[in-house]
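Source file: upload_0.pdb. Holds: PDB, C-alpha atoms.
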```pdb
ATOM      1  CA  MET D  84    -104.219-148.036  52.810  1.00  0.00           C
ATOM      2  CA  LEU D  85    -103.758-144.628  51.224  1.00  0.00           C
ATOM      3  CA  VAL D  86    -103.918-144.093  47.467  1.00  0.00           C
ATOM      4  CA  LEU D  87    -102.924-140.730  45.998  1.00  0.00           C
ATOM      5  CA  THR D  88    -103.876-140.330  42.348  1.00  0.00           C
ATOM      6  CA  SER D  89    -103.769-137.655  39.711  1.00  0.00           C
ATOM      7  CA  ASN D  90    -107.115-138.424  38.098  1.00  0.00           C
ATOM      8  CA  GLY D  91    -108.599-141.483  39.772  1.00  0.00           C
ATOM      9  CA  ILE D  92    -108.122-145.247  39.498  1.00  0.00           C
ATOM     10  CA  SER D  93    -107.413-145.158  35.774  1.00  0.00           C
ATOM     11  CA  ASN D  94    -104.236-147.237  35.981  1.00  0.00           C
ATOM     12  CA  ASN D  95    -104.888-150.921  35.264  1.00  0.00           C
ATOM     13  CA  ASP D  96    -102.212-152.215  37.639  1.00  0.00           C
ATOM     14  CA  LEU D  97    -103.501-149.964  40.405  1.00  0.00           C
ATOM     15  CA  HIS D  98    -107.072-151.085  39.773  1.00  0.00           C
ATOM     16  CA  TYR D  99    -106.013-154.734  40.024  1.00  0.00           C
ATOM     17  CA  THR D 100    -104.044-154.152  43.243  1.00  0.00           C
ATOM     18  CA  ILE D 101    -106.924-152.343  44.950  1.00  0.00           C
ATOM     19  CA  HIS D 102    -109.446-154.888  43.700  1.00  0.00           C
ATOM     20  CA  GLN D 103    -107.454-157.772  45.155  1.00  0.00           C
ATOM     21  CA  TYR D 104    -107.193-155.985  48.513  1.00  0.00           C
ATOM     22  CA  ILE D 105    -110.916-155.233  48.544  1.00  0.00           C
ATOM     23  CA  LYS D 106    -111.777-158.874  47.867  1.00  0.00           C
ATOM     24  CA  LYS D 107    -109.351-160.046  50.551  1.00  0.00           C
ATOM     25  CA  GLN D 108    -110.843-157.690  53.146  1.00  0.00           C
ATOM     26  CA  GLY D 109    -114.435-158.247  52.083  1.00  0.00           C
ATOM     27  CA  PHE D 110    -115.092-154.556  51.579  1.00  0.00           C
ATOM     28  CA  LYS D 111    -118.545-153.720  50.243  1.00  0.00           C
ATOM     29  CA  LYS D 112    -119.249-150.001  50.332  1.00  0.00           C
ATOM     30  CA  ALA D 113    -117.566-146.748  49.321  1.00  0.00           C
ATOM     31  CA  ALA D 114    -118.269-143.059  49.816  1.00  0.00           C
ATOM     32  CA  LEU D 115    -117.321-140.619  47.076  1.00  0.00           C
ATOM     33  CA  VAL D 116    -116.731-137.201  48.649  1.00  0.00           C
ATOM     34  CA  VAL D 117    -117.820-134.359  46.343  1.00  0.00           C
ATOM     35  CA  THR D 118    -117.075-131.436  48.684  1.00  0.00           C
ATOM     36  CA  ALA D 119    -114.005-130.124  46.848  1.00  0.00           C
ATOM     37  CA  ASP D 120    -116.105-128.735  43.994  1.00  0.00           C
ATOM     38  CA  ASP D 121    -117.895-126.017  45.910  1.00  0.00           C
ATOM     39  CA  VAL D 122    -119.977-125.062  42.871  1.00  0.00           C
ATOM     40  CA  TYR D 123    -121.123-128.268  41.162  1.00  0.00           C
ATOM     41  CA  LYS D 124    -120.756-130.832  43.972  1.00  0.00           C
ATOM     42  CA  GLU D 125    -122.341-134.128  42.815  1.00  0.00           C
ATOM     43  CA  ASN D 126    -122.752-132.643  39.321  1.00  0.00           C
ATOM     44  CA  ASN D 127    -118.987-132.276  38.905  1.00  0.00           C
ATOM     45  CA  TRP D 128    -117.975-133.668  35.514  1.00  0.00           C
ATOM     46  CA  ASN D 129    -115.618-136.228  37.064  1.00  0.00           C
ATOM     47  CA  VAL D 130    -118.088-137.778  39.514  1.00  0.00           C
ATOM     48  CA  PRO D 131    -119.656-140.312  37.083  1.00  0.00           C
ATOM     49  CA  LYS D 132    -116.182-141.564  36.085  1.00  0.00           C
ATOM     50  CA  LEU D 133    -114.969-141.960  39.673  1.00  0.00           C
ATOM     51  CA  LYS D 134    -118.236-143.586  40.719  1.00  0.00           C
ATOM     52  CA  SER D 135    -117.963-146.058  37.839  1.00  0.00           C
ATOM     53  CA  GLU D 136    -114.376-146.894  38.814  1.00  0.00           C
ATOM     54  CA  LEU D 137    -115.424-147.658  42.383  1.00  0.00           C
ATOM     55  CA  GLU D 138    -118.347-149.756  41.208  1.00  0.00           C
ATOM     56  CA  SER D 139    -115.991-151.724  38.936  1.00  0.00           C
ATOM     57  CA  LEU D 140    -114.176-152.722  42.134  1.00  0.00           C
ATOM     58  CA  GLY D 141    -117.364-154.391  43.336  1.00  0.00           C
ATOM     59  CA  LEU D 142    -118.364-151.575  45.683  1.00  0.00           C
ATOM     60  CA  GLU D 143    -121.715-149.992  46.383  1.00  0.00           C
ATOM     61  CA  VAL D 144    -121.156-146.227  46.084  1.00  0.00           C
ATOM     62  CA  VAL D 145    -122.819-143.373  47.951  1.00  0.00           C
ATOM     63  CA  LEU D 146    -122.069-139.684  47.454  1.00  0.00           C
ATOM     64  CA  PHE D 147    -121.006-137.651  50.477  1.00  0.00           C
ATOM     65  CA  ASP D 148    -120.642-133.923  51.103  1.00  0.00           C
ATOM     66  CA  PHE D 149    -119.061-132.489  54.241  1.00  0.00           C
ATOM     67  CA  ASP D 150    -121.195-129.384  53.722  1.00  0.00           C
ATOM     68  CA  THR D 151    -124.464-131.266  54.196  1.00  0.00           C
ATOM     69  CA  ASP D 152    -123.919-134.821  55.446  1.00  0.00           C
ATOM     70  CA  SER D 153    -123.100-136.254  58.867  1.00  0.00           C
ATOM     71  CA  ILE D 154    -119.739-137.919  59.439  1.00  0.00           C
ATOM     72  CA  ASP D 155    -121.692-140.867  60.889  1.00  0.00           C
ATOM     73  CA  MET D 156    -122.331-141.887  57.293  1.00  0.00           C
ATOM     74  CA  LEU D 157    -118.587-142.395  56.726  1.00  0.00           C
ATOM     75  CA  GLU D 158    -118.464-144.870  59.590  1.00  0.00           C
ATOM     76  CA  THR D 159    -120.616-147.242  57.516  1.00  0.00           C
ATOM     77  CA  VAL D 160    -118.256-147.491  54.526  1.00  0.00           C
ATOM     78  CA  ASP D 161    -115.018-149.354  53.812  1.00  0.00           C
ATOM     79  CA  VAL D 162    -113.548-147.008  51.204  1.00  0.00           C
ATOM     80  CA  ILE D 163    -113.552-143.211  50.980  1.00  0.00           C
ATOM     81  CA  GLU D 164    -112.557-141.422  47.784  1.00  0.00           C
ATOM     82  CA  PHE D 165    -112.113-137.658  47.606  1.00  0.00           C
ATOM     83  CA  ASN D 166    -112.913-135.962  44.317  1.00  0.00           C
ATOM     84  CA  GLY D 167    -110.822-133.131  42.897  1.00  0.00           C
ATOM     85  CA  GLY D 168    -111.679-129.448  42.921  1.00  0.00           C
ATOM     86  CA  ASN D 169    -110.504-126.674  45.202  1.00  0.00           C
ATOM     87  CA  PRO D 170    -108.030-128.024  47.796  1.00  0.00           C
ATOM     88  CA  PHE D 171    -108.312-124.884  49.937  1.00  0.00           C
ATOM     89  CA  TYR D 172    -112.091-125.209  50.151  1.00  0.00           C
ATOM     90  CA  LEU D 173    -111.901-128.950  50.846  1.00  0.00           C
ATOM     91  CA  LEU D 174    -109.276-128.563  53.572  1.00  0.00           C
ATOM     92  CA  ASP D 175    -111.284-125.796  55.208  1.00  0.00           C
ATOM     93  CA  ARG D 176    -114.347-128.049  55.343  1.00  0.00           C
ATOM     94  CA  LEU D 177    -112.372-131.016  56.671  1.00  0.00           C
ATOM     95  CA  ASN D 178    -110.903-128.824  59.410  1.00  0.00           C
ATOM     96  CA  LYS D 179    -114.332-127.535  60.377  1.00  0.00           C
ATOM     97  CA  ALA D 180    -115.657-131.099  60.476  1.00  0.00           C
ATOM     98  CA  GLY D 181    -112.755-132.105  62.745  1.00  0.00           C
ATOM     99  CA  VAL D 182    -112.094-135.337  60.866  1.00  0.00           C
ATOM    100  CA  LYS D 183    -108.291-135.432  60.849  1.00  0.00           C
ATOM    101  CA  GLU D 184    -108.008-138.123  63.525  1.00  0.00           C
ATOM    102  CA  PHE D 185    -110.916-140.057  62.038  1.00  0.00           C
ATOM    103  CA  LEU D 186    -109.270-140.161  58.600  1.00  0.00           C
ATOM    104  CA  GLN D 187    -105.907-141.143  60.049  1.00  0.00           C
ATOM    105  CA  ASP D 188    -107.519-144.060  61.890  1.00  0.00           C
ATOM    106  CA  PHE D 189    -109.686-144.995  58.901  1.00  0.00           C
ATOM    107  CA  SER D 190    -106.694-145.303  56.578  1.00  0.00           C
ATOM    108  CA  LYS D 191    -105.067-147.889  58.858  1.00  0.00           C
ATOM    109  CA  ASN D 192    -107.728-150.554  58.293  1.00  0.00           C
ATOM    110  CA  ASN D 193    -109.618-149.313  55.252  1.00  0.00           C
ATOM    111  CA  ILE D 194    -108.855-147.439  52.025  1.00  0.00           C
ATOM    112  CA  ILE D 195    -108.690-143.702  51.395  1.00  0.00           C
ATOM    113  CA  ILE D 196    -108.276-142.581  47.782  1.00  0.00           C
ATOM    114  CA  GLY D 197    -107.452-139.047  46.757  1.00  0.00           C
ATOM    115  CA  THR D 198    -107.938-137.553  43.324  1.00  0.00           C
ATOM    116  CA  SER D 199    -106.030-134.342  42.531  1.00  0.00           C
ATOM    117  CA  ALA D 200    -107.157-131.882  45.254  1.00  0.00           C
ATOM    118  CA  GLY D 201    -108.351-134.887  47.230  1.00  0.00           C
ATOM    119  CA  SER D 202    -104.781-136.184  47.186  1.00  0.00           C
ATOM    120  CA  PHE D 203    -103.260-132.872  48.259  1.00  0.00           C
ATOM    121  CA  VAL D 204    -105.292-132.633  51.465  1.00  0.00           C
ATOM    122  CA  MET D 205    -104.182-136.097  52.602  1.00  0.00           C
ATOM    123  CA  GLN D 206    -100.568-134.886  52.812  1.00  0.00           C
ATOM    124  CA  LYS D 207     -98.909-132.904  55.594  1.00  0.00           C
ATOM    125  CA  SER D 208     -99.869-129.603  54.017  1.00  0.00           C
ATOM    126  CA  ILE D 209    -101.094-127.994  50.824  1.00  0.00           C
ATOM    127  CA  ASN D 210     -98.205-125.540  50.691  1.00  0.00           C
ATOM    128  CA  LEU D 211     -97.191-127.004  47.343  1.00  0.00           C
ATOM    129  CA  VAL D 212    -100.579-126.078  45.881  1.00  0.00           C
ATOM    130  CA  ASN D 213    -100.070-122.548  47.133  1.00  0.00           C
ATOM    131  CA  MET D 214     -96.992-122.182  44.910  1.00  0.00           C
ATOM    132  CA  PHE D 215     -99.067-122.771  41.795  1.00  0.00           C
ATOM    133  CA  SER D 216    -102.664-121.845  42.612  1.00  0.00           C
ATOM    134  CA  SER D 217    -102.808-119.419  45.552  1.00  0.00           C
ATOM    135  CA  ASN D 218    -105.482-117.449  43.659  1.00  0.00           C
ATOM    136  CA  ILE D 219    -108.067-120.204  44.305  1.00  0.00           C
ATOM    137  CA  ASN D 220    -107.852-119.779  48.087  1.00  0.00           C
ATOM    138  CA  THR D 221    -111.353-118.341  48.116  1.00  0.00           C
ATOM    139  CA  VAL D 222    -111.914-119.218  51.786  1.00  0.00           C
ATOM    140  CA  GLY D 223    -108.900-117.213  52.961  1.00  0.00           C
ATOM    141  CA  LEU D 224    -107.278-120.265  54.548  1.00  0.00           C
ATOM    142  CA  LYS D 225    -104.211-119.239  56.569  1.00  0.00           C
ATOM    143  CA  ASP D 226    -103.071-122.522  58.093  1.00  0.00           C
ATOM    144  CA  LEU D 227    -102.267-124.870  55.213  1.00  0.00           C
ATOM    145  CA  SER D 228    -101.566-127.899  57.428  1.00  0.00           C
ATOM    146  CA  ALA D 229    -103.515-130.842  56.069  1.00  0.00           C
ATOM    147  CA  MET D 230    -104.623-134.323  57.178  1.00  0.00           C
ATOM    148  CA  ASP D 231    -101.060-135.657  57.568  1.00  0.00           C
ATOM    149  CA  LEU D 232    -101.731-139.224  56.441  1.00  0.00           C
ATOM    150  CA  THR D 233     -98.297-139.497  54.824  1.00  0.00           C
ATOM    151  CA  ASP D 234     -94.923-137.765  54.591  1.00  0.00           C
ATOM    152  CA  VAL D 235     -94.986-138.149  50.822  1.00  0.00           C
ATOM    153  CA  GLU D 236     -95.776-135.157  48.623  1.00  0.00           C
ATOM    154  CA  ILE D 237     -97.108-135.605  45.125  1.00  0.00           C
ATOM    155  CA  LEU D 238     -97.729-133.150  42.307  1.00  0.00           C
ATOM    156  CA  PRO D 239    -100.689-134.392  40.235  1.00  0.00           C
ATOM    157  CA  HIS D 240    -101.401-133.549  36.581  1.00  0.00           C
ATOM    158  CA  PHE D 241     -97.685-133.024  36.081  1.00  0.00           C
ATOM    159  CA  ASN D 242     -98.004-133.539  32.329  1.00  0.00           C
ATOM    160  CA  LYS D 243    -100.481-130.647  32.147  1.00  0.00           C
ATOM    161  CA  LEU D 244     -98.696-128.350  34.591  1.00  0.00           C
ATOM    162  CA  HIS D 245     -95.829-127.904  32.128  1.00  0.00           C
ATOM    163  CA  ASP D 246     -98.232-126.176  29.759  1.00  0.00           C
ATOM    164  CA  ARG D 247     -99.354-123.691  32.422  1.00  0.00           C
ATOM    165  CA  PHE D 248     -96.084-123.324  34.291  1.00  0.00           C
ATOM    166  CA  PRO D 249     -93.014-123.763  32.046  1.00  0.00           C
ATOM    167  CA  ASN D 250     -90.851-123.364  35.169  1.00  0.00           C
ATOM    168  CA  VAL D 251     -92.626-126.128  37.112  1.00  0.00           C
ATOM    169  CA  ASP D 252     -89.391-128.082  37.511  1.00  0.00           C
ATOM    170  CA  ASP D 253     -87.599-125.085  39.003  1.00  0.00           C
ATOM    171  CA  LEU D 254     -90.499-124.335  41.346  1.00  0.00           C
ATOM    172  CA  SER D 255     -90.650-127.952  42.492  1.00  0.00           C
ATOM    173  CA  SER D 256     -86.898-128.024  43.124  1.00  0.00           C
ATOM    174  CA  GLU D 257     -87.100-124.789  45.070  1.00  0.00           C
ATOM    175  CA  TYR D 258     -89.929-126.173  47.217  1.00  0.00           C
ATOM    176  CA  SER D 259     -88.039-129.414  47.863  1.00  0.00           C
ATOM    177  CA  ARG D 260     -84.949-127.480  48.900  1.00  0.00           C
ATOM    178  CA  LYS D 261     -86.837-125.182  51.262  1.00  0.00           C
ATOM    179  CA  THR D 262     -88.893-127.951  52.872  1.00  0.00           C
ATOM    180  CA  ASN D 263     -86.302-130.732  52.709  1.00  0.00           C
ATOM    181  CA  SER D 264     -88.879-132.954  51.048  1.00  0.00           C
ATOM    182  CA  GLU D 265     -89.123-135.044  47.923  1.00  0.00           C
ATOM    183  CA  ILE D 266     -91.863-134.276  45.439  1.00  0.00           C
ATOM    184  CA  ILE D 267     -93.162-137.151  43.353  1.00  0.00           C
ATOM    185  CA  PRO D 268     -94.686-135.877  40.094  1.00  0.00           C
ATOM    186  CA  LEU D 269     -97.696-137.849  38.886  1.00  0.00           C
ATOM    187  CA  LYS D 270     -99.044-137.655  35.375  1.00  0.00           C
ATOM    188  CA  ASP D 271    -102.695-138.455  34.719  1.00  0.00           C
ATOM    189  CA  GLY D 272    -103.019-142.215  34.908  1.00  0.00           C
ATOM    190  CA  GLU D 273    -100.390-142.484  37.633  1.00  0.00           C
ATOM    191  CA  ALA D 274    -100.682-142.991  41.381  1.00  0.00           C
ATOM    192  CA  LEU D 275     -98.888-143.638  44.626  1.00  0.00           C
ATOM    193  CA  LEU D 276    -100.061-146.254  47.116  1.00  0.00           C
ATOM    194  CA  VAL D 277     -99.020-146.472  50.763  1.00  0.00           C
ATOM    195  CA  ASP D 278     -99.887-149.948  52.037  1.00  0.00           C
ATOM    196  CA  GLU D 279    -100.765-151.061  55.567  1.00  0.00           C
ATOM    197  CA  GLU D 280     -97.066-151.582  56.306  1.00  0.00           C
ATOM    198  CA  GLY D 281     -96.217-148.057  55.223  1.00  0.00           C
ATOM    199  CA  VAL D 282     -94.489-149.259  52.059  1.00  0.00           C
ATOM    200  CA  ILE D 283     -94.788-146.911  49.086  1.00  0.00           C
ATOM    201  CA  HIS D 284     -95.705-148.310  45.678  1.00  0.00           C
ATOM    202  CA  LEU D 285     -95.597-146.199  42.504  1.00  0.00           C
ATOM    203  CA  PHE D 286     -97.907-146.924  39.590  1.00  0.00           C
ATOM    204  CA  LYS D 287     -96.594-145.255  36.460  1.00  0.00           C
ATOM    205  CA  ASN D 288     -98.445-144.721  33.222  1.00  0.00           C
ATOM    206  CA  THR D 289     -97.375-147.384  30.745  1.00  0.00           C
ATOM    207  CA  GLN D 290     -99.571-146.166  27.894  1.00  0.00           C
TER     208      GLN D 290
END
```
For the file at hand, write its structure as structure tokens.
Amino acid sequence: MLVLTSNGISNNDLHYTIHQYIKKQGFKKAALVVTADDVYKENNWNVPKLKSELESLGLEVVLFDFDTDSIDMLETVDVIEFNGGNPFYLLDRLNKAGVKEFLQDFSKNNIIIGTSAGSFVMQKSINLVNMFSSNINTVGLKDLSAMDLTDVEILPHFNKLHDRFPNVDDLSSEYSRKTNSEIIPLKDGEALLVDEEGVIHLFKNTQ
């Protein structure tokens, strides 16, 4: 199962759906990946919230950093969630760790959750990020191909992007036209879930 979110498992319907799946599968443990914030890591402001959300699903949570920890640790968990931060930095570290195949296999029988930047790197590429935030490519990443866990492309924090980029709709349409792809905008509180059968489920914000 793959879950792409804007700001975590803050949607009640999504939380219920994941919780039911976790109970059915008997999942016990989750890793929260903090790599994307290359400055604050485990002290990132969003980590306590994401950790609490995972714990509310009945999971024991450990923090994981691709900069310091061994991938062997990820083989002991049932759920992996990727925190937000710098998608260029995170993708660079995932590439260097050589975990693309591991994550693709993991998502078939377990759960991978992405939050913001963590969602971007699960897609085919982060080219969409480059349209809006190329200035944060501090690692000089040239190849923007990502983990390729899904053909879907989302644009998280869509409600906030309008404030920063008044032409976000035009840019998204231009990207879709050039890449022949559909972009699914996600506001905070919204998410997209790809189940084990490959079926896509949208969880919209009803608040």
Practice problem: Please write the residues picked by the PyMOL selection byres ((chain D and resi 138) around 12) on this file as a list in words. | Solution: Ile92, His98, His102, Ile105, Phe110, Lys111, Lys112, Ala113, Ala114, Leu115, Pro131, Lys132, Leu133, Lys134, Ser135, Glu136, Leu137, Ser139, Leu140, Gly141, Leu142, Glu143, Val144, Val145 and Val162 of chain D
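The spacing separating CA of Ile195 (chain D) from CA of Asp121 (chain D) amounts to 20.7 Å.
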Around the point (-108.3, -133.9, 49.3) (coordinates from the file), which residues reach within 9 Å if we count all atoms listed in the file? Answer as a PDB file with C-alpha atoms, in the frame of the given file.
```
ATOM      1  CA  ALA D 119    -114.005-130.124  46.848  1.00  0.00           C
ATOM      2  CA  GLU D 164    -112.557-141.422  47.784  1.00  0.00           C
ATOM      3  CA  PHE D 165    -112.113-137.658  47.606  1.00  0.00           C
ATOM      4  CA  ASN D 166    -112.913-135.962  44.317  1.00  0.00           C
ATOM      5  CA  GLY D 167    -110.822-133.131  42.897  1.00  0.00           C
ATOM      6  CA  GLY D 168    -111.679-129.448  42.921  1.00  0.00           C
ATOM      7  CA  ASN D 169    -110.504-126.674  45.202  1.00  0.00           C
ATOM      8  CA  PRO D 170    -108.030-128.024  47.796  1.00  0.00           C
ATOM      9  CA  LEU D 173    -111.901-128.950  50.846  1.00  0.00           C
ATOM     10  CA  LEU D 174    -109.276-128.563  53.572  1.00  0.00           C
ATOM     11  CA  LEU D 177    -112.372-131.016  56.671  1.00  0.00           C
ATOM     12  CA  ILE D 196    -108.276-142.581  47.782  1.00  0.00           C
ATOM     13  CA  GLY D 197    -107.452-139.047  46.757  1.00  0.00           C
ATOM     14  CA  THR D 198    -107.938-137.553  43.324  1.00  0.00           C
ATOM     15  CA  SER D 199    -106.030-134.342  42.531  1.00  0.00           C
ATOM     16  CA  ALA D 200    -107.157-131.882  45.254  1.00  0.00           C
ATOM     17  CA  GLY D 201    -108.351-134.887  47.230  1.00  0.00           C
ATOM     18  CA  SER D 202    -104.781-136.184  47.186  1.00  0.00           C
ATOM     19  CA  PHE D 203    -103.260-132.872  48.259  1.00  0.00           C
ATOM     20  CA  VAL D 204    -105.292-132.633  51.465  1.00  0.00           C
ATOM     21  CA  MET D 205    -104.182-136.097  52.602  1.00  0.00           C
ATOM     22  CA  GLN D 206    -100.568-134.886  52.812  1.00  0.00           C
ATOM     23  CA  ALA D 229    -103.515-130.842  56.069  1.00  0.00           C
ATOM     24  CA  MET D 230    -104.623-134.323  57.178  1.00  0.00           C
TER      25      MET D 230
END
```
Written as a compact mmCIF listing (two decimals) with C-alpha atoms, keeping the file's coordinate frame, what is the full residue list that the PyMOL selection byres ((chain D and resi 272-287) around 9) yields on the file shown?
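Result written to part.txt:
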```
# COMPACT_ATOMS: atom_id res chain seq x y z
CA MET D 84 -104.22 -148.04 52.81
CA LEU D 85 -103.76 -144.63 51.22
CA VAL D 86 -103.92 -144.09 47.47
CA LEU D 87 -102.92 -140.73 46.00
CA THR D 88 -103.88 -140.33 42.35
CA SER D 89 -103.77 -137.66 39.71
CA ASN D 90 -107.12 -138.42 38.10
CA GLY D 91 -108.60 -141.48 39.77
CA ILE D 92 -108.12 -145.25 39.50
CA SER D 93 -107.41 -145.16 35.77
CA ASN D 94 -104.24 -147.24 35.98
CA ASN D 95 -104.89 -150.92 35.26
CA ASP D 96 -102.21 -152.22 37.64
CA LEU D 97 -103.50 -149.96 40.40
CA SER D 190 -106.69 -145.30 56.58
CA LYS D 191 -105.07 -147.89 58.86
CA ASN D 192 -107.73 -150.55 58.29
CA THR D 233 -98.30 -139.50 54.82
CA VAL D 235 -94.99 -138.15 50.82
CA ILE D 237 -97.11 -135.60 45.12
CA PRO D 239 -100.69 -134.39 40.24
CA HIS D 240 -101.40 -133.55 36.58
CA ILE D 267 -93.16 -137.15 43.35
CA LEU D 269 -97.70 -137.85 38.89
CA LYS D 270 -99.04 -137.66 35.38
CA ASP D 271 -102.70 -138.46 34.72
CA ASN D 288 -98.44 -144.72 33.22
CA THR D 289 -97.38 -147.38 30.74
CA GLN D 290 -99.57 -146.17 27.89
```
Quiz item: So how far away is CA of Asp231 (chain D) from CA of Val212 (chain D), in Å?
Solution: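 Taking CA of Val212 (chain D) as the start and CA of Asp231 (chain D) as the end point, the length is 15.1 Å.
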Practice problem: Translate the PyMOL selection byres ((chain D and resi 215) around 10), as applied to the file shown, into an explicit residue set as an MDAnalysis selection string. | Solution: chainID D and resid 210:214 216:219 244 247:248 251 254:255
Quiz prompt | Atom pair CA of Glu236 (chain D) / CA of Glu265 (chain D): separation (Å) | solution =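 Separation of CA of Glu236 (chain D) and CA of Glu265 (chain D): 6.7 Å.
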Self-check item: Nearest candidate to Lys106 (chain D) (options D:Asp161, D:Asp226, D:Asp234, D:Asp252; using all atoms listed in the file)
Solution: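 With all atoms listed in the file as the atom set, the closest residue is D:Asp161.
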Return as AutoDock Vina command-line options the centre and edge lengths, in Å with one decimal, of the box along x, y and z that encloses every atom of region 183-192 of chain D in the file, padded by 3 Å per side.
```
--center_x -108.0 --center_y -143.0 --center_z 60.1 --size_x 11.8 --size_y 21.1 --size_z 12.9
```
Quiz item: Using all atoms listed in the file, which of D:Val130, D:Ile163, D:Leu227, D:Val116 sits nearest Phe147 (chain D)?
Solution: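 Residue with the minimum atom-to-atom distance to Phe147 (chain D): D:Val116.
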